[in-house]
Every structure is written in structure tokens, then in C-alpha cells.
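Asks: Below is the file model_10.cif, which contains mmCIF, C-alpha atoms.
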```
data_target
#
loop_
_atom_site.label_atom_id
_atom_site.label_comp_id
_atom_site.auth_asym_id
_atom_site.auth_seq_id
_atom_site.Cartn_x
_atom_site.Cartn_y
_atom_site.Cartn_z
CA MET A 1 56.14 157.20 106.54
CA ALA A 2 53.64 157.02 103.71
CA LYS A 3 54.74 154.89 100.79
CA GLN A 4 55.61 156.98 97.75
CA VAL A 5 54.58 154.15 95.43
CA ASP A 6 52.20 151.66 97.01
CA SER A 7 52.15 148.31 95.23
CA SER A 8 49.12 147.30 97.28
CA ARG A 9 47.16 150.04 95.48
CA PRO A 10 47.74 149.35 91.78
CA ILE A 11 46.34 152.07 89.53
CA GLU A 12 44.14 150.64 86.81
CA ASP A 13 45.56 150.71 83.27
CA THR A 14 48.75 152.36 84.47
CA ASN A 15 52.40 151.36 84.34
CA ILE A 16 54.59 153.06 86.86
CA PHE A 17 58.05 153.38 85.37
CA GLY A 18 60.27 152.02 88.11
CA ALA A 19 63.00 149.46 88.63
CA GLN A 20 61.22 146.55 87.00
CA GLN A 21 60.28 148.53 83.88
CA THR A 22 63.56 150.33 83.39
CA ARG A 23 65.51 147.09 83.75
CA ARG A 24 63.24 145.16 81.41
CA GLY A 25 63.01 147.97 78.87
CA TYR A 26 66.64 148.99 78.86
CA ARG A 27 67.46 147.77 75.35
CA LEU A 28 64.28 149.19 73.81
CA ASN A 29 64.70 152.53 75.54
CA LYS A 30 68.39 152.69 74.64
CA PHE A 31 67.61 152.02 71.00
CA ALA A 32 64.96 154.75 71.09
CA MET A 33 67.39 157.17 72.74
CA SER A 34 69.92 156.56 69.96
CA LEU A 35 67.47 158.33 67.64
CA VAL A 36 68.23 161.73 69.14
CA LYS A 37 71.15 161.67 66.69
CA PRO A 38 70.04 162.74 63.21
CA GLU A 39 72.37 160.23 61.53
CA ASN A 40 70.71 157.38 63.43
CA ARG A 41 67.25 158.59 62.42
CA GLU A 42 68.44 158.76 58.84
CA ALA A 43 69.86 155.24 58.99
CA PHE A 44 66.63 153.90 60.50
CA ARG A 45 64.51 155.58 57.82
CA ALA A 46 66.78 154.36 55.06
CA ASP A 47 66.92 150.72 56.17
CA GLU A 48 64.92 149.75 59.23
CA GLU A 49 66.05 146.12 59.18
CA ALA A 50 69.71 147.07 59.08
CA ALA A 51 69.22 149.49 61.96
CA LEU A 52 67.47 146.82 64.02
CA ALA A 53 70.18 144.26 63.14
CA ALA A 54 72.88 146.65 64.36
CA SER A 55 71.13 147.07 67.73
CA ASP A 56 71.33 144.84 70.79
CA LEU A 57 67.57 144.30 70.77
CA THR A 58 66.25 140.76 71.14
CA GLU A 59 64.34 139.24 68.24
CA GLU A 60 61.10 139.69 70.19
CA GLU A 61 61.84 143.37 70.76
CA LYS A 62 62.71 143.91 67.09
CA GLN A 63 59.38 142.35 66.14
CA LEU A 64 57.51 144.70 68.48
CA ILE A 65 59.07 147.63 66.63
CA ARG A 66 58.32 146.11 63.22
CA ASP A 67 54.72 145.65 64.35
CA ARG A 68 54.52 149.21 65.80
CA ASP A 69 52.99 147.49 68.81
CA TRP A 70 53.14 150.51 71.08
CA ARG A 71 50.81 149.04 73.66
CA ALA A 72 52.91 145.90 74.15
CA ILE A 73 56.17 147.88 74.15
CA LEU A 74 54.90 150.24 76.84
CA GLU A 75 52.78 147.89 78.93
CA ASP A 76 54.68 144.61 78.82
CA HIS A 77 58.25 145.32 77.75
CA GLY A 78 59.37 148.27 79.85
CA GLY A 79 59.16 150.96 77.20
CA ASN A 80 59.33 154.49 78.57
CA ILE A 81 56.87 156.75 76.78
CA TYR A 82 59.35 159.62 76.42
CA MET A 83 61.91 157.34 74.81
CA ILE A 84 59.51 155.31 72.67
CA MET A 85 58.08 158.55 71.23
CA LYS A 86 61.43 158.98 69.49
CA ILE A 87 60.83 155.74 67.55
CA GLY A 88 57.30 156.94 66.84
CA ALA A 89 58.63 160.22 65.48
CA VAL A 90 60.80 158.43 62.94
CA VAL A 91 58.05 156.09 61.72
CA GLY A 92 55.29 158.70 61.67
CA ALA A 93 53.40 157.86 64.88
CA GLY A 94 52.95 160.86 67.15
CA LEU A 95 52.16 160.80 70.85
CA TYR A 96 48.41 160.85 70.26
CA GLN A 97 48.54 157.96 67.79
CA ILE A 98 50.57 155.98 70.33
CA GLY A 99 48.06 156.96 73.02
CA ALA A 100 45.08 155.92 70.93
CA HIS A 101 46.75 152.55 70.34
CA GLN A 102 47.24 152.09 74.08
CA ARG A 103 43.56 152.90 74.64
CA GLY A 104 42.48 150.43 71.95
CA GLU A 105 40.92 153.23 69.91
CA THR A 106 41.42 154.67 66.47
CA TYR A 107 43.10 158.06 66.31
CA GLU A 108 39.78 159.65 65.35
CA GLU A 109 37.95 157.95 68.21
CA PHE A 110 40.56 159.23 70.63
CA LEU A 111 40.42 162.80 69.33
CA ALA A 112 36.65 162.78 69.79
CA THR A 113 37.17 162.33 73.53
CA ARG A 114 39.16 165.60 73.89
CA ASN A 115 37.93 169.04 74.97
CA ALA A 116 39.58 170.99 72.14
CA ALA A 117 41.26 168.60 69.75
CA GLY A 118 42.58 171.41 67.58
CA ALA A 119 45.20 172.01 70.25
CA ARG A 120 47.60 169.43 68.88
CA MET B 1 73.05 190.58 97.14
CA GLY B 2 71.04 187.99 95.29
CA LYS B 3 67.30 188.09 95.71
CA ILE B 4 64.42 185.85 94.64
CA ILE B 5 61.86 188.31 93.30
CA ALA B 6 59.28 186.00 91.74
CA GLY B 7 58.20 182.47 91.00
CA ILE B 8 56.28 180.97 88.11
CA GLY B 9 54.58 177.59 87.90
CA THR B 10 53.87 176.49 84.36
CA SER B 11 53.22 173.40 82.27
CA HIS B 12 55.80 172.52 79.62
CA VAL B 13 53.76 170.44 77.15
CA PRO B 14 55.91 169.70 74.06
CA SER B 15 53.16 170.37 71.50
CA ILE B 16 53.25 174.03 72.66
CA GLY B 17 56.78 174.19 71.25
CA LEU B 18 55.80 172.69 67.92
CA VAL B 19 52.86 175.07 67.52
CA TYR B 20 55.06 178.01 68.49
CA ASP B 21 57.64 177.06 65.85
CA GLN B 22 54.92 176.70 63.24
CA GLY B 23 53.40 180.10 64.03
CA ARG B 24 50.02 178.59 64.93
CA THR B 25 49.63 180.29 68.30
CA GLN B 26 46.50 182.21 67.31
CA GLU B 27 44.53 179.17 66.14
CA PRO B 28 41.24 179.02 68.09
CA ASP B 29 42.16 176.00 70.19
CA TRP B 30 45.64 177.38 71.01
CA LYS B 31 44.91 181.07 71.53
CA PRO B 32 43.64 180.63 75.13
CA LEU B 33 46.98 179.09 76.07
CA PHE B 34 49.36 181.51 74.39
CA ASP B 35 47.41 184.67 75.21
CA ALA B 36 47.50 183.77 78.90
CA TYR B 37 51.25 184.38 78.90
CA ILE B 38 51.08 187.93 77.50
CA PRO B 39 50.57 189.53 80.94
CA VAL B 40 53.39 187.40 82.32
CA LYS B 41 55.74 188.52 79.55
CA ASN B 42 54.81 192.15 80.21
CA TRP B 43 55.29 191.75 83.96
CA LEU B 44 58.71 190.15 83.48
CA LYS B 45 59.70 193.11 81.28
CA GLU B 46 58.85 195.37 84.22
CA ILE B 47 60.58 193.45 86.99
CA LYS B 48 63.58 192.55 84.78
CA PRO B 49 65.12 189.52 86.49
CA ASP B 50 68.82 188.96 85.78
CA VAL B 51 68.66 185.19 86.16
CA ALA B 52 65.97 182.56 85.65
CA ILE B 53 66.38 179.28 87.51
CA VAL B 54 64.32 176.76 85.57
CA VAL B 55 63.35 173.54 87.34
CA TYR B 56 62.42 170.93 84.74
CA ASN B 57 62.91 167.32 83.80
CA ASP B 58 64.86 165.89 80.91
CA HIS B 59 62.69 163.57 78.77
CA GLY B 60 65.60 161.89 77.03
CA ALA B 61 67.45 164.78 75.38
CA ASP B 62 70.72 164.90 77.31
CA PHE B 63 70.14 162.27 80.02
CA PHE B 64 69.34 158.60 79.68
CA PHE B 65 68.71 155.74 82.10
CA ASN B 66 72.36 154.67 81.97
CA LYS B 67 72.93 157.51 84.44
CA TYR B 68 69.89 159.54 85.35
CA PRO B 69 70.57 162.13 88.04
CA THR B 70 68.01 162.84 90.74
CA PHE B 71 69.02 166.51 90.76
CA ALA B 72 71.35 168.12 88.20
CA VAL B 73 72.36 171.78 87.99
CA GLY B 74 73.85 173.55 84.99
CA ALA B 75 77.14 175.43 85.37
CA ALA B 76 77.94 176.56 81.85
CA ASP B 77 78.28 179.75 79.83
CA VAL B 78 75.77 178.49 77.32
CA TYR B 79 73.12 175.78 77.17
CA PRO B 80 72.53 174.53 73.64
CA VAL B 81 69.12 173.63 72.26
CA GLY B 82 68.96 169.83 72.42
CA ASP B 83 67.60 167.36 69.89
CA GLU B 84 64.93 165.13 71.41
CA GLY B 85 64.45 163.15 68.24
CA TRP B 86 62.54 165.76 66.23
CA GLY B 87 65.52 167.84 65.16
CA ARG B 88 66.87 171.05 66.62
CA ARG B 89 64.23 173.69 67.24
CA PRO B 90 64.81 177.16 65.72
CA LEU B 91 65.57 178.87 69.03
CA PRO B 92 68.74 180.64 70.14
CA ASP B 93 70.94 178.82 72.65
CA PHE B 94 70.51 179.92 76.25
CA PRO B 95 73.09 182.09 78.04
CA GLY B 96 74.28 180.95 81.44
CA ASP B 97 75.76 182.84 84.37
CA THR B 98 78.57 180.52 85.32
CA ASP B 99 79.69 182.39 88.44
CA PHE B 100 76.15 182.39 89.76
CA SER B 101 75.72 178.71 88.91
CA TRP B 102 78.88 177.68 90.73
CA HIS B 103 77.85 179.69 93.77
CA LEU B 104 74.52 177.90 93.71
CA CYS B 105 76.19 174.50 93.32
CA ASN B 106 78.61 175.14 96.17
CA GLU B 107 75.90 176.27 98.53
CA LEU B 108 73.54 173.44 97.63
CA VAL B 109 76.15 170.74 98.21
CA TYR B 110 77.25 172.25 101.51
CA ASN B 111 73.57 172.40 102.48
CA GLU B 112 73.42 168.65 101.82
CA PHE B 113 71.87 168.61 98.34
CA ASP B 114 74.24 166.30 96.49
CA ILE B 115 73.51 167.52 93.00
CA THR B 116 75.18 166.52 89.75
CA ILE B 117 77.06 169.56 88.42
CA CYS B 118 76.88 169.85 84.62
CA GLN B 119 79.39 171.91 82.64
CA GLU B 120 77.71 170.74 79.45
CA MET B 121 73.94 170.49 79.37
CA ALA B 122 71.67 170.54 76.34
CA VAL B 123 68.16 171.72 77.18
CA GLU B 124 64.86 170.47 75.83
CA HIS B 125 61.12 171.06 75.83
CA GLY B 126 60.75 170.83 79.61
CA PHE B 127 63.05 173.83 79.85
CA MET B 128 62.48 175.60 76.54
CA VAL B 129 58.67 175.72 76.38
CA PRO B 130 58.42 177.72 79.64
CA MET B 131 61.22 180.01 78.42
CA HIS B 132 59.55 181.00 75.16
CA LEU B 133 56.16 181.26 76.82
CA CYS B 134 57.54 183.78 79.33
CA TRP B 135 60.20 185.66 77.33
CA ASP B 136 60.69 186.91 73.80
CA HIS B 137 64.00 186.23 72.12
CA ASP B 138 64.79 189.01 69.69
CA PRO B 139 67.26 187.83 68.72
CA ASP B 140 68.71 186.66 72.06
CA TRP B 141 67.20 185.74 75.39
CA PRO B 142 66.95 188.75 77.73
CA VAL B 143 67.76 186.72 80.86
CA LYS B 144 70.51 184.34 81.92
CA VAL B 145 69.48 180.87 82.97
CA VAL B 146 70.31 178.05 85.33
CA PRO B 147 68.76 174.73 84.34
CA VAL B 148 67.90 172.50 87.31
CA ALA B 149 66.89 169.02 86.16
CA VAL B 150 64.88 166.74 88.48
CA ASN B 151 64.19 163.06 88.01
CA VAL B 152 60.42 162.78 87.77
CA ILE B 153 60.37 159.99 85.18
CA GLN B 154 62.13 156.95 86.67
CA HIS B 155 60.99 155.90 90.13
CA PRO B 156 62.25 156.24 92.84
CA LEU B 157 61.69 160.00 92.50
CA PRO B 158 62.59 162.58 95.11
CA THR B 159 59.64 163.23 97.42
CA ALA B 160 57.47 166.33 97.19
CA LEU B 161 58.91 167.51 100.49
CA ARG B 162 62.46 167.02 99.20
CA CYS B 163 61.66 169.18 96.18
CA TRP B 164 60.28 171.88 98.50
CA LYS B 165 63.44 171.74 100.61
CA LEU B 166 65.55 172.06 97.46
CA GLY B 167 63.69 175.31 96.81
CA GLN B 168 64.42 176.53 100.32
CA ALA B 169 68.11 175.68 99.83
CA ILE B 170 68.11 177.52 96.50
CA ARG B 171 66.68 180.59 98.23
CA LYS B 172 69.37 180.47 100.88
CA ALA B 173 72.05 180.14 98.21
CA VAL B 174 70.66 183.04 96.16
CA GLU B 175 70.51 185.29 99.22
CA SER B 176 74.17 184.62 99.99
CA TYR B 177 75.30 185.59 96.48
CA PRO B 178 77.41 188.75 96.89
CA LYS B 179 76.51 190.41 93.60
CA ASP B 180 73.18 192.26 93.18
CA THR B 181 71.18 189.74 91.18
CA LYS B 182 67.42 189.54 90.74
CA VAL B 183 66.26 185.95 90.35
CA VAL B 184 63.01 184.45 89.13
CA ILE B 185 62.46 180.73 89.60
CA LEU B 186 60.26 178.58 87.38
CA GLY B 187 58.76 175.28 88.45
CA THR B 188 57.59 173.44 85.35
CA GLY B 189 55.63 170.38 84.25
CA GLY B 190 52.19 168.84 84.71
CA MET B 191 49.49 169.43 85.46
CA SER B 192 47.28 166.33 85.39
CA HIS B 193 48.15 163.93 82.60
CA GLN B 194 48.88 160.33 81.85
CA LEU B 195 50.74 159.12 78.79
CA ASN B 196 51.16 155.41 79.45
CA GLY B 197 48.68 152.55 79.58
CA ALA B 198 45.02 152.41 78.61
CA ARG B 199 44.50 155.34 81.01
CA PHE B 200 46.29 157.55 78.45
CA GLY B 201 44.64 160.95 78.28
CA TYR B 202 43.40 160.97 81.89
CA LEU B 203 42.81 164.51 83.16
CA ASN B 204 41.56 165.87 86.47
CA SER B 205 40.78 169.57 86.26
CA ASP B 206 39.42 169.68 89.83
CA PHE B 207 42.75 168.41 91.12
CA ASP B 208 44.61 170.93 88.98
CA ARG B 209 42.56 173.92 90.13
CA ASP B 210 42.95 172.88 93.75
CA PHE B 211 46.71 172.53 93.21
CA LEU B 212 46.81 176.05 91.74
CA ASP B 213 44.98 177.34 94.83
CA ARG B 214 47.26 175.56 97.24
CA ILE B 215 50.55 176.30 95.55
CA GLU B 216 49.79 179.92 96.31
CA THR B 217 48.09 179.75 99.71
CA ASP B 218 48.81 176.37 101.30
CA PRO B 219 51.93 174.83 99.74
CA MET B 220 52.81 172.84 102.86
CA ALA B 221 49.73 170.68 102.26
CA LEU B 222 51.12 169.79 98.84
CA THR B 223 54.47 168.70 100.29
CA GLU B 224 52.59 165.88 102.05
CA LEU B 225 51.33 164.37 98.80
CA THR B 226 52.90 161.03 97.94
CA HIS B 227 53.71 160.13 94.35
CA GLN B 228 51.01 157.46 94.67
CA GLN B 229 48.35 160.05 95.56
CA ILE B 230 49.35 162.36 92.73
CA MET B 231 49.37 159.49 90.22
CA GLU B 232 46.01 158.16 91.40
CA ASP B 233 44.31 161.54 91.37
CA ALA B 234 45.99 163.27 88.46
CA GLY B 235 47.65 160.62 86.26
CA ALA B 236 51.05 158.92 86.32
CA GLU B 237 52.89 161.76 84.59
CA ALA B 238 51.38 164.42 86.86
CA VAL B 239 54.17 163.68 89.34
CA GLU B 240 56.06 166.38 87.44
CA LEU B 241 54.10 168.79 89.64
CA ILE B 242 56.51 168.17 92.52
CA MET B 243 58.86 170.51 90.63
CA TRP B 244 56.44 173.38 91.28
CA LEU B 245 57.19 172.85 94.97
CA THR B 246 60.85 173.68 94.39
CA MET B 247 59.71 177.01 92.92
CA ARG B 248 57.34 177.60 95.83
CA GLY B 249 59.91 176.52 98.42
CA ALA B 250 62.26 179.15 97.04
CA LEU B 251 59.59 181.78 97.80
CA ASP B 252 59.13 180.54 101.36
CA GLY B 253 59.95 183.19 103.91
CA ASN B 254 58.06 186.19 102.56
CA PRO B 255 54.42 186.57 101.52
CA VAL B 256 53.59 186.13 97.86
CA ARG B 257 51.20 188.04 95.68
CA GLN B 258 49.52 186.41 92.71
CA VAL B 259 50.17 188.33 89.52
CA HIS B 260 48.46 186.02 87.09
CA ARG B 261 46.86 182.61 86.85
CA ASN B 262 45.44 180.51 84.04
CA TYR B 263 44.15 177.02 83.40
CA TYR B 264 43.33 175.31 80.12
CA ALA B 265 42.91 171.60 79.40
CA PRO B 266 42.33 171.12 75.69
CA MET B 267 43.92 167.74 74.90
CA THR B 268 45.72 165.39 77.26
CA THR B 269 47.37 167.68 79.80
CA GLY B 270 46.04 170.25 82.23
CA MET B 271 48.00 173.34 81.25
CA GLY B 272 48.42 175.50 84.33
CA LEU B 273 50.09 178.83 84.96
CA ILE B 274 50.63 180.81 88.12
CA ALA B 275 52.89 183.83 88.54
CA LEU B 276 53.77 184.88 92.07
CA GLU B 277 55.60 188.01 93.09
CA GLN B 278 57.57 188.10 96.29
CA SER B 279 56.79 190.89 98.72
CA ILE B 280 60.11 192.19 99.88
#
```
Starting from the file, give its structure as C-alpha cells.
Replies:
Amino acid sequence: MAKQVDSSRPIEDTNIFGAQQTRRGYRLNKFAMSLVKPENREAFRADEEAALAASDLTEEEKQLIRDRDWRAILEDHGGNIYMIMKIGAVVGAGLYQIGAHQRGETYEEFLATRNAAGAR
Amino acid sequence: MGKIIAGIGTSHVPSIGLVYDQGRTQEPDWKPLFDAYIPVKNWLKEIKPDVAIVVYNDHGADFFFNKYPTFAVGAADVYPVGDEGWGRRPLPDFPGDTDFSWHLCNELVYNEFDITICQEMAVEHGFMVPMHLCWDHDPDWPVKVVPVAVNVIQHPLPTALRCWKLGQAIRKAVESYPKDTKVVILGTGGMSHQLNGARFGYLNSDFDRDFLDRIETDPMALTELTHQQIMEDAGAEAVELIMWLTMRGALDGNPVRQVHRNYYAPMTTGMGLIALEQSI
């Protein structure tokens, strides 16, 4: 039977969200998921430090959020893009800003690589 | 008797929802996408399905990794518009057909698909974007729905072949429903895209066009794709495409006729559309 995910064929610049990532990123993703509730978004906007303090995030994870270090959150700390986008939405970073950060580009540089960047 | 009359494969990119809500559908870079659905809307008005089974994935609206079901089926009178973190979208809630849903759930479980049955289920962009691309809501939706959520975001995912077999089991269940019910099934998600890592923005239009060809004429070849192959060729998040195989599996048994097809890749996702009518 062919392997569905083949660790002997890593895909360059790609994180496959599996057991290792979802275990490692559980706290970060859970915090992000809490933001589907409007009152939690409001609390985060009103006082980010208090919202982080009330979470079960580690100090390192809190710092990643303070730094808006999307690349590290997603690549090294088990962040799931669909969850982390919810943090981005509250702090004003959309999917394409997060994507540009992962690519090591400015937002404008990233948009210039698209076929029809008005479709956003 | 229940009958599957048509299948639709379509992308469910969330920005489509935002642009729709903002009334920006006729902007030059969006028009090619939205206009492609006009013939599909008109066709659906002609064939008038009673029920739409929508195969989609939840991106963190009503399901989280504390318990993330591999397959979940809605069995409710109404499916509320969920909040994914951007606030509730200005769309009407979606009407269910609870009797039909429970029939489907019964048949699927007894055919060895051990689904999670959901009596409360908020729906999100994966479900809603295809709905408002294919149907008008003035003021209510003209079709009842059954949401079928598939885990395509946390590996291990069901295989492509498993998704196809789910479609076959759905067909069998629909055909054993005693009440005359016309069913359309939507397989949603994809096409090529990657949202994580420095490979963010990866697209493969050749892969997507070939997939559109094969989903119509050679779907069995697609059931052999591994997640690894799809991710390598079309980006990590392109694995959503296995949900199109559930749609196509539900059409297995009779020839299909292509009603409409479109492809557009403006930003980070190949946006595909195929509408297939079942010859009966």
C-alpha cells in the first residue's frame, strides 16, 4: 500500500499538519480557536496582555504572539494556519500578510507574484 | 424514491465570501469567478433539487482538534451560520431535512461508515461559499441541505479511495429513501493551494486542469492518488480535493454529462468548478 504521507519524501518549505504538529501546537491553536467567540476577540483587543495571561500558553508562545511571528508559529510551534488566521484577524494580519511573512517577503512583494492580485 | 440528479465540484475559497458580502463581485479581478456560476445557478433553477448534500471541511468554526471527526453528518432542522473569527456573515441560516438526514446516517453506519451524527452543527465558509455561489437566497435558501464534514486538515486524513466509497454509500442511501427526493451533491475545496510554510502561494494549474478532466472522465485514476502525491504536485492544502471524489463517487453507476466547467487562478488558490448532470 502506498504511503499516504511519506516522511522519506519531505516537501520543501512545507509543514504537514499531523500528529507532531497538532500535539506541539495544541495550546496555540486552542487559544486561536477561542477567538471564534466575539467576547474573546473583544477582550483580546481591549487588553492583549490580560488575554494572554488568562490563557494556558507558555511564555515562549505568548512572546510569539506578541511578536506576530507567524512564520515561527506555523513552522516551528505547531500552529495550524486555519486557527492562527483567527489571531491574525484580531490583530489586523490577513491570510496574505501571514503568507508573505512565511515567504520572507513584504506584502507588496508577495502581491506582485500573483496573477490577478485584485482578487483579494 | 430518492435520486441523485447532479454533482458539482467547486472551490470554497473564503475571500469569495468576503467579496460577496461586500458587493464586489463585478470587480475586474473577481468577475471571471462569479460570472462562471451564473449558468450553474440557472441550471439548478431548472432541475430544482430538493436536497443539497454538501461535502466540506470545517476550518475551525464548529470543530476543533480536541475532537475532530473524520466524517460528520448533519441531522438538524437548521444549520446556523457559524463565526470563524470574523463575525457572523449576513446570510440566512440553512434549512435541513432531518428525516432525510437520519435516513442517510442510518444507511451510512449500516454500510460501515462510522460517521459522527450532529444534531447541532454551525456551518462555515467551506459550506457557505459553494451555497451562495450556486443558489440565490431571497430571502431564504431554495433547497434543504445536509452538511457532510470531512477531516482534510489534520493528518491522518481519510484516503481518496475512502472518500470515493463514501460517495458510493451516499448514493445507495439516497436511492433507498422512500420519499421522492431529488438530490444534488457538492464536493468542495481546493484546487491547488498551499497556505503554510515558505511554499505559501504555490499553484499548479496544469494539475488542476487535469483533475477537472479526470473527475469527469476518469475518476478512478484520482482515487489512487496519495495525500503525498497531491501535496507534492498541488500544495499541502490541495488535499481538500479528495472531497470532490465523494461527489463523484455518488454519481458512480450512471453516465454523467458535463453542464459547465470553469477554472480561474487569480491569487493563491486554483478556483475550479465542474457541474455534472446524471443521465437517468
Asks: On this file, the PyMOL selection byres ((chain A) within 6 of (chain B)) gives some set of residues; write that set as an NGL selection string.
Replies: :A and (4-5 or 13-14 or 17-18 or 35-36 or 82 or 86 or 99 or 102-103 or 114-119)
Asks: Applied to the shown file, which residues does the PyMOL selection byres ((chain B and resi 144) around 12) return, written as a PyMOL selection string?
Replies: chain B and resi 48-54+74-79+93-101+131+135+137+140-143+145-147+181-185
Asks: Select, from B:Glu46, B:Asp138, B:Glu120, B:Asp208, the residue with the minimum atom-to-atom distance to Gly270 (chain B), counting all atoms listed in the file.
Replies: B:Asp208
Asks: Any chance you could work out the residue set of the PyMOL selection byres ((chain B and resi 109-117) around 9) here, as a list in words?
Replies: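 Answer for the PyMOL selection byres ((chain B and resi 109-117) around 9): Pro69, Thr70, Phe71, Ala72, Val73, Gly74, Ala75, Trp102, Leu104, Cys105, Asn106, Glu107, Leu108, Cys118, Gln119, Leu166, Ala169 and Ala173 of chain B.
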Asks: Quick check, in Å to one decimal: how far apart do CA of Val129 (chain B) and CA of Val259 (chain B) lie?
Replies: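 Pair CA of Val129 (chain B) / CA of Val259 (chain B) returns 20.1 Å.
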Asks: I'd like to know which of B:Leu276, B:Met271, B:Val55, B:Val123 is closest to Trp244 (chain B), using all atoms listed in the file.
Replies: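 Of the candidates, the smallest distance to Trp244 (chain B) is held by B:Val55.
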Asks: Could you give me, as a ChimeraX atom specification, the residues within 12 Å of Ala32 (chain A), counting all atoms listed in the file and dropping anything in the same chain fewer than 2 positions from it?
Replies: /A:25-30,34-37,40-41,44,51-52,55-57,61-62,65,73,79-91 /B:59-61,64-65,84-85
Asks: As an exercise, work out the distance from CA of His103 (chain B) to CA of Leu245 (chain B) in Å and give it to one decimal place.
Replies: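 Computing it gives 21.8 Å between the two atoms.
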Asks: Name the residues, using the chain letters and numbers of the file, that sit within 10 Å of (47.4, 170.1, 92.6) when counting all atoms listed in the file, and give them as a PyMOL selection string.
Replies: chain B and resi 190-192+204-215+219+221-222+225+230+233-234+238-239+241-242+244+272
Asks: Any idea what the distance is between CA of Tyr68 (chain B) and CA of Val150 (chain B)?
Replies: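 One can read the CA of Tyr68 (chain B) to CA of Val150 (chain B) distance as 9.3 Å.
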Asks: Which residue is closest to Ala36 (chain B)? Choose from B:Ala149, B:Ile4, B:Leu273, B:Met243 and count all atoms listed in the file.
Replies: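 Going through B:Ala149, B:Ile4, B:Leu273, B:Met243 one by one, the smallest distance to Ala36 (chain B) is for B:Leu273.
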Asks: So which residues are close to (51.6, 155.5, 69.1), meaning at most 9 Å away in the file's coordinates with all atoms listed in the file counted, and can you show them as a list in words?
Replies: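 Using all atoms listed in the file, the matching residues come out as Arg68, Asp69, Trp70, Arg71, Ile84, Met85, Gly88, Gly92, Ala93, Gly94, Leu95, Tyr96, Gln97, Ile98, Gly99, Ala100, His101 and Gln102 of chain A.
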Asks: With distances taken over only C-alpha atoms, which residue among A:Leu111, A:Thr106, A:Glu75, A:Asp47 lies nearest Gln21 (chain A)?
Replies: A:Glu75
